[in-house]
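Everything below belongs to target15.cif, which stores mmCIF, C-alpha atoms and all ligand atoms; chains and numbers go by the auth columns.
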```cif
data_run
loop_
_atom_site.group_PDB
_atom_site.id
_atom_site.type_symbol
_atom_site.label_atom_id
_atom_site.label_comp_id
_atom_site.label_asym_id
_atom_site.label_seq_id
_atom_site.Cartn_x
_atom_site.Cartn_y
_atom_site.Cartn_z
_atom_site.B_iso_or_equiv
_atom_site.auth_seq_id
_atom_site.auth_asym_id
ATOM 1 C CA MET A 1 0.000 0.000 0.000 0.00 137 A
ATOM 2 C CA SER A 2 2.696 2.440 0.966 0.00 138 A
ATOM 3 C CA ARG A 3 4.482 4.027 -1.910 0.00 139 A
ATOM 4 C CA HIS A 4 7.723 5.863 -1.909 0.00 140 A
ATOM 5 C CA LYS A 5 6.838 9.436 -1.357 0.00 141 A
ATOM 6 C CA TYR A 6 10.275 10.775 -2.136 0.00 142 A
ATOM 7 C CA PRO A 7 12.831 9.531 -4.661 0.00 143 A
ATOM 8 C CA ILE A 8 16.302 8.314 -3.764 0.00 144 A
ATOM 9 C CA GLY A 9 18.628 11.262 -4.096 0.00 145 A
ATOM 10 C CA TYR A 10 15.981 13.731 -2.963 0.00 146 A
ATOM 11 C CA LYS A 11 17.593 16.598 -1.100 0.00 147 A
ATOM 12 C CA PHE A 12 16.123 18.651 1.682 0.00 148 A
ATOM 13 C CA ASN A 13 18.132 21.047 3.797 0.00 149 A
ATOM 14 C CA LYS A 14 21.406 19.265 4.650 0.00 150 A
ATOM 15 C CA LEU A 15 20.032 15.802 4.070 0.00 151 A
ATOM 16 C CA THR A 16 19.901 13.563 1.025 0.00 152 A
ATOM 17 C CA ILE A 17 17.758 10.436 0.869 0.00 153 A
ATOM 18 C CA ILE A 18 19.898 7.401 0.154 0.00 154 A
ATOM 19 C CA GLU A 19 17.449 4.577 0.852 0.00 155 A
ATOM 20 C CA PHE A 20 13.804 3.903 1.585 0.00 156 A
ATOM 21 C CA LEU A 21 13.567 1.766 4.686 0.00 157 A
ATOM 22 C CA GLY A 22 9.828 1.404 5.027 0.00 158 A
ATOM 23 C CA ARG A 23 8.382 0.447 8.362 0.00 159 A
ATOM 24 C CA LYS A 24 10.753 -0.706 11.046 0.00 160 A
ATOM 25 C CA ASP A 25 8.236 -3.213 12.365 0.00 161 A
ATOM 26 C CA ASP A 26 4.757 -4.420 11.571 0.00 162 A
ATOM 27 C CA LYS A 27 3.211 -2.635 14.529 0.00 163 A
ATOM 28 C CA SER A 28 4.477 0.719 13.415 0.00 164 A
ATOM 29 C CA HIS A 29 2.561 2.842 10.968 0.00 165 A
ATOM 30 C CA HIS A 30 5.567 5.021 10.412 0.00 166 A
ATOM 31 C CA SER A 31 7.995 4.537 7.581 0.00 167 A
ATOM 32 C CA TYR A 32 11.522 5.802 7.433 0.00 168 A
ATOM 33 C CA TYR A 33 14.016 7.073 4.946 0.00 169 A
ATOM 34 C CA ARG A 34 17.740 6.656 5.432 0.00 170 A
ATOM 35 C CA CYS A 35 19.395 9.982 4.806 0.00 171 A
ATOM 36 C CA GLN A 36 22.930 11.235 4.644 0.00 172 A
ATOM 37 C CA CYS A 37 23.741 14.591 6.094 0.00 173 A
ATOM 38 C CA GLU A 38 26.202 17.008 4.500 0.00 174 A
ATOM 39 C CA CYS A 39 28.534 16.273 7.396 0.00 175 A
ATOM 40 C CA GLY A 40 28.586 12.608 6.361 0.00 176 A
ATOM 41 C CA LYS A 41 26.484 11.185 9.156 0.00 177 A
ATOM 42 C CA ILE A 42 23.702 8.772 8.222 0.00 178 A
ATOM 43 C CA ILE A 43 20.398 8.956 10.036 0.00 179 A
ATOM 44 C CA ASP A 44 16.922 7.511 9.700 0.00 180 A
ATOM 45 C CA VAL A 45 14.191 10.085 9.220 0.00 181 A
ATOM 46 C CA LEU A 46 10.470 9.529 9.563 0.00 182 A
ATOM 47 C CA THR A 47 8.660 10.059 6.294 0.00 183 A
ATOM 48 C CA GLN A 48 6.602 12.818 7.845 0.00 184 A
ATOM 49 C CA HIS A 49 9.774 14.518 9.020 0.00 185 A
ATOM 50 C CA VAL A 50 11.275 14.664 5.543 0.00 186 A
ATOM 51 C CA GLN A 51 11.505 18.323 4.535 0.00 187 A
ATOM 52 C CA ILE A 52 11.073 19.371 8.172 0.00 188 A
ATOM 53 C CA GLN A 53 14.280 17.908 9.530 0.00 189 A
ATOM 54 C CA LYS A 54 17.173 20.267 8.887 0.00 190 A
ATOM 55 C CA SER A 55 20.135 18.008 9.505 0.00 191 A
ATOM 56 C CA CYS A 56 21.383 15.058 11.535 0.00 192 A
ATOM 57 C CA GLY A 57 21.621 17.431 14.443 0.00 193 A
ATOM 58 C CA CYS A 58 24.921 19.035 13.501 0.00 194 A
ATOM 59 C CA ALA A 59 23.177 22.301 12.618 0.00 195 A
ATOM 60 C CA PRO A 60 21.135 24.344 15.033 0.00 196 A
ATOM 61 C CA ARG A 61 17.465 23.585 14.724 0.00 197 A
ATOM 62 C CA LYS A 62 14.750 26.136 14.860 0.00 198 A
ATOM 63 C CA MET A 63 12.007 24.856 17.090 0.00 199 A
ATOM 64 C CA ARG A 64 9.322 26.824 15.431 0.00 200 A
ATOM 65 C CA LYS A 65 5.976 25.348 14.553 0.00 201 A
ATOM 66 C CA LEU A 66 4.372 26.370 11.331 0.00 202 A
HETATM 67 ZN ZN ZN B . 25.124 16.528 10.003 0.00 301 A
#
```
Rewrite the structure from the file as structure tokens, please.
Amino acid sequence: MSRHKYPIGYKFNKLTIIEFLGRKDDKSHHSYYRCQCECGKIIDVLTQHVQIQKSCGCAPRKMRKL
């Protein structure tokens, strides 16, 4: 049912999607993308956090709700 929302190589802020992970377990409704930060660190980002997440945490984050 779940389709890839973003393509591999999609860039947002400091992060680039390198792999679609899907759901980590069957109980979870959340899917993840594996992303590489500009600093080289690899992190897993929730699909709904793609475009919101600024970096792996190496850059200061603005905690501002839109
Ligand atoms: Zn980083």
* Return as a PyMOL selection string every polymer residue, whether protein, DNA or RNA, with at least one atom no more than 10 Å from an atom of ligand ZN 301 (chain A); count all atoms listed in the file. => chain A and resi 150-151+172-179+190-195
How about saving the chosen residues, C-alpha atoms kept, as a PDB file, keeping the file's coordinate frame?
```
ATOM      1  CA  LYS A 150      21.406  19.265   4.650  1.00  0.00           C
ATOM      2  CA  LEU A 151      20.032  15.802   4.070  1.00  0.00           C
ATOM      3  CA  GLN A 172      22.930  11.235   4.644  1.00  0.00           C
ATOM      4  CA  CYS A 173      23.741  14.591   6.094  1.00  0.00           C
ATOM      5  CA  GLU A 174      26.202  17.008   4.500  1.00  0.00           C
ATOM      6  CA  CYS A 175      28.534  16.273   7.396  1.00  0.00           C
ATOM      7  CA  GLY A 176      28.586  12.608   6.361  1.00  0.00           C
ATOM      8  CA  LYS A 177      26.484  11.185   9.156  1.00  0.00           C
ATOM      9  CA  ILE A 178      23.702   8.772   8.222  1.00  0.00           C
ATOM     10  CA  ILE A 179      20.398   8.956  10.036  1.00  0.00           C
ATOM     11  CA  LYS A 190      17.173  20.267   8.887  1.00  0.00           C
ATOM     12  CA  SER A 191      20.135  18.008   9.505  1.00  0.00           C
ATOM     13  CA  CYS A 192      21.383  15.058  11.535  1.00  0.00           C
ATOM     14  CA  GLY A 193      21.621  17.431  14.443  1.00  0.00           C
ATOM     15  CA  CYS A 194      24.921  19.035  13.501  1.00  0.00           C
ATOM     16  CA  ALA A 195      23.177  22.301  12.618  1.00  0.00           C
TER      17      ALA A 195
END
```
* Asked: Which residues, written as JSON, numbers by chain, have at least one atom at most 9 Å from A:Gln187, with all atoms listed in the file counted and residues fewer than 4 positions away on the same chain left out?
  -> {"A": [147, 148, 149, 151, 183]}
Let me see the file: selected residues, C-alpha atoms, as a PDB file, in the coordinates of the input.
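Final file, part.pdb:
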```pdb
ATOM      1  CA  LYS A 147      17.593  16.598  -1.100  1.00  0.00           C
ATOM      2  CA  PHE A 148      16.123  18.651   1.682  1.00  0.00           C
ATOM      3  CA  ASN A 149      18.132  21.047   3.797  1.00  0.00           C
ATOM      4  CA  LEU A 151      20.032  15.802   4.070  1.00  0.00           C
ATOM      5  CA  THR A 183       8.660  10.059   6.294  1.00  0.00           C
TER       6      THR A 183
END
```
* Distance criterion (all atoms listed in the file): nearest to A:Pro143 out of A:Asp162, A:Tyr169, A:Asp180, A:Ile188 ->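 Looking at the shortest contact to A:Pro143, the residue is A:Tyr169.
Atom CA of A:His166 lies 8.3 Å from atom CA of A:Gln184.
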Hey, what comes out of the PyMOL selection byres (((chain A and resi 141) around 12) and not hetatm) on this file? Could you write it as a tab-separated table (two decimals) with C-alpha atoms, keeping the file's coordinate frame?
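File selection_0.tsv, as written:
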```tsv
chain	number	residue	atom	x	y	z
A	137	MET	CA	0.00	0.00	0.00
A	138	SER	CA	2.70	2.44	0.97
A	139	ARG	CA	4.48	4.03	-1.91
A	140	HIS	CA	7.72	5.86	-1.91
A	142	TYR	CA	10.28	10.78	-2.14
A	143	PRO	CA	12.83	9.53	-4.66
A	144	ILE	CA	16.30	8.31	-3.76
A	146	TYR	CA	15.98	13.73	-2.96
A	153	ILE	CA	17.76	10.44	0.87
A	155	GLU	CA	17.45	4.58	0.85
A	156	PHE	CA	13.80	3.90	1.58
A	157	LEU	CA	13.57	1.77	4.69
A	158	GLY	CA	9.83	1.40	5.03
A	167	SER	CA	8.00	4.54	7.58
A	168	TYR	CA	11.52	5.80	7.43
A	169	TYR	CA	14.02	7.07	4.95
A	182	LEU	CA	10.47	9.53	9.56
A	183	THR	CA	8.66	10.06	6.29
A	184	GLN	CA	6.60	12.82	7.84
A	185	HIS	CA	9.77	14.52	9.02
A	186	VAL	CA	11.28	14.66	5.54
A	187	GLN	CA	11.50	18.32	4.54
```
